[in-house]
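Notes to accompany the following structure.
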There are 2 protein chains.
Amino acid sequence: MTTEKSLIDSALRGWKSNVERAEKLFGDLSAKQLQQEVAPGKNRLIYLWGHLAAVNDRLLPLLGIGERLHPEFDGMFISNPDKSVQLTVSGQSLKVAWQEINQKLWEGISQFSASDWAQRHTAVSEQDFKREPHRSRFGVLLGRTAHLAYHAGQAALARPKV
Amino acid sequence: MTTEKSLIDSALRGWKSNVERAEKLFGDLSAKQLQQEVAPGKNRLIYLWGHLAAVNDRLLPLLGIGERLHPEFDGMFISNPDKSVQLTVSGQSLKVAWQEINQKLWEGISQFSASDWAQRHTAVSEQDFKREPHRSRFGVLLGRTAHLAYHAGQAALARPKV
């Protein structure tokens with residue numbers, strides 16, 4: 001394996017394991033369990049899950065893979081705080097959406113070459129990228145991996161005891 | 001910038017921003033605030049901070065940078081759960097240790113070449129590394145970045161309102 005490939009392989013493994021951890025944390029919870037707040041007065045589990053799904057969905061155009069699958073998630077899970085908007089998605093349909101989003105994402109990112117990864121993401125202009133070459137697809141992948149971990153840490157606090 | 005350098009630069013930026021976020025979350029809290037649990041019955045802030053410091057300290061030998069600065073942290077913050085052992089470190093001394101550990105780590109990792117990053121870490125044998133080439137220093141860096149983010153998400157729940 002070349003050095004470049006080895007570095008990218010590590011990042012893809014990190015991404016995958018964080019997606020899988022989130023799925024384990026949220027995927028088997030009942031509708032009632034998903035209503036649980038991670039700490040008193042804080043976000044509910046269903047909100048965190050929808051938030052992660054929406055942020056991952058946004059990666060599809062950001063990384064140049066394709067169109068979003070669920071732009072309707074933004075109003076419920078990104079642009080408004082929890083409990084301020086009626087959720088029109090159930091835990092079950094969220095699980096299906098989560099899997100579709102991450103499947104499509106994985107099909108895209110697992111094909112990228114090293115040079116694809118070092119390219120700019122679609123929200124930065126060619127000109128800005130010259131000044132700020134760290135605004136690459138790879139930087140986005142690592143940032144979103146940390147984002148998954150950040151909220152997984154919160155969700156783990158509310159995990160029902162087995 | 002070469003592709004390899006760009007990938008590594010992204011990972012170092014991700015590491016640094018997660019270390020800085022943790023320092024912002026914990027660094028200015030009073031002794032009393034550090035006693036706060038992140039959720040009812042869960043870890044206290046001081047435990048999470050010590051835990052992150054201890055895990056980062058372990059990176060020094062794991063990445064082949066040098067000896068640990070604070071092996072005495074393990075008993076308080078890794079091998080035993082919170083509230084089971086008397087802490088012999090104050091918030092103030094933890095802050096000094098945190099900064100020394102992360103400074104020494106940064107001096108080491110910011111010098112690594114791409115090929116250094118793709119090498120095995122010190123807890124995997126040469127033989128095992130042939131079978132499992134993902135057990136590299138770079139994999140460790142990314143994993144520990146996610147570890148910082150995971151607990152930062154928890155600590156953020158207990159952050160005192162400004």
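By order of appearance in the structure tokens: chains A, B, ..., then residues from 1 within every chain, and ligands from 1 in the order shown.
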
Leaving out A:Trp98 and any residue of its chain fewer than 3 positions from it, which residues lie within 9 Å of it when counting only C-alpha atoms, given as a PyMOL selection string?
chain A and resi 23+49-50+52-54+56-57+93-95+101-103

Taking only C-alpha atoms into account, find every residue of chain A that has an atom no more than 9 Å from chain B, and write it out as a VMD selection string.
chain A and resid 1 to 4 6 to 11 13 to 14 18 38 to 40 42 114 to 115 117 to 118 133 to 136 138 to 140 142 to 143 145 to 155 157 to 158

Run DSSP on the backbone and tell me which residues of chain B come out as helix (DSSP H, G or I); list them as a PyMOL selection string.
chain B and resi 3-26+31-34+45-62+73-77+91-109+114-118+126-131+137-157

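When only C-alpha atoms are used to measure the gap to B:Ala123, the shortest distance among B:Arg21, B:Lys16, B:Leu59, B:Asp28 belongs to B:Leu59.
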
Can you list, as a VMD selection string, every protein, DNA or RNA residue that comes within 8 Å of A:Phe26 when you count only C-alpha atoms, leaving out same-chain residues fewer than 3 positions away?
chain A and resid 22 to 23 29 34 45 to 46 49

I'd like the neighbourhood of stretch 71-80 of chain B as a list in words, where a residue qualifies if any of its atoms comes within 9 Å (using only C-alpha atoms), though same-chain residues fewer than 2 positions away should be ignored.
Tyr47, Leu48, Trp49, Gly50, His51, Leu52, Ala53, Ala54, Val55, Asp57, Arg58, Arg68, Leu69, Asp82, Lys83, Ser84, Val85, Gln86, Leu87, Thr88 and Val89 of chain B

Can you tell me, as a ChimeraX atom specification, what residues are no more than 9 Å from B:Lys104 when counting only C-alpha atoms, ignoring any on the same chain fewer than 6 positions away?
/B:60,65-66

Atoms to include: C-alpha atoms. Write the selected residues as a PDB file, in the first residue's frame.
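Below is the file result_34.pdb, written as the result:
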ATOM      1  CA  LEU B  60       3.956  10.035  23.650  1.00  0.00           C
ATOM      2  CA  ILE B  65       7.924  10.545  20.646  1.00  0.00           C
ATOM      3  CA  GLY B  66       9.222  10.001  24.150  1.00  0.00           C
TER       4      GLY B  66
END
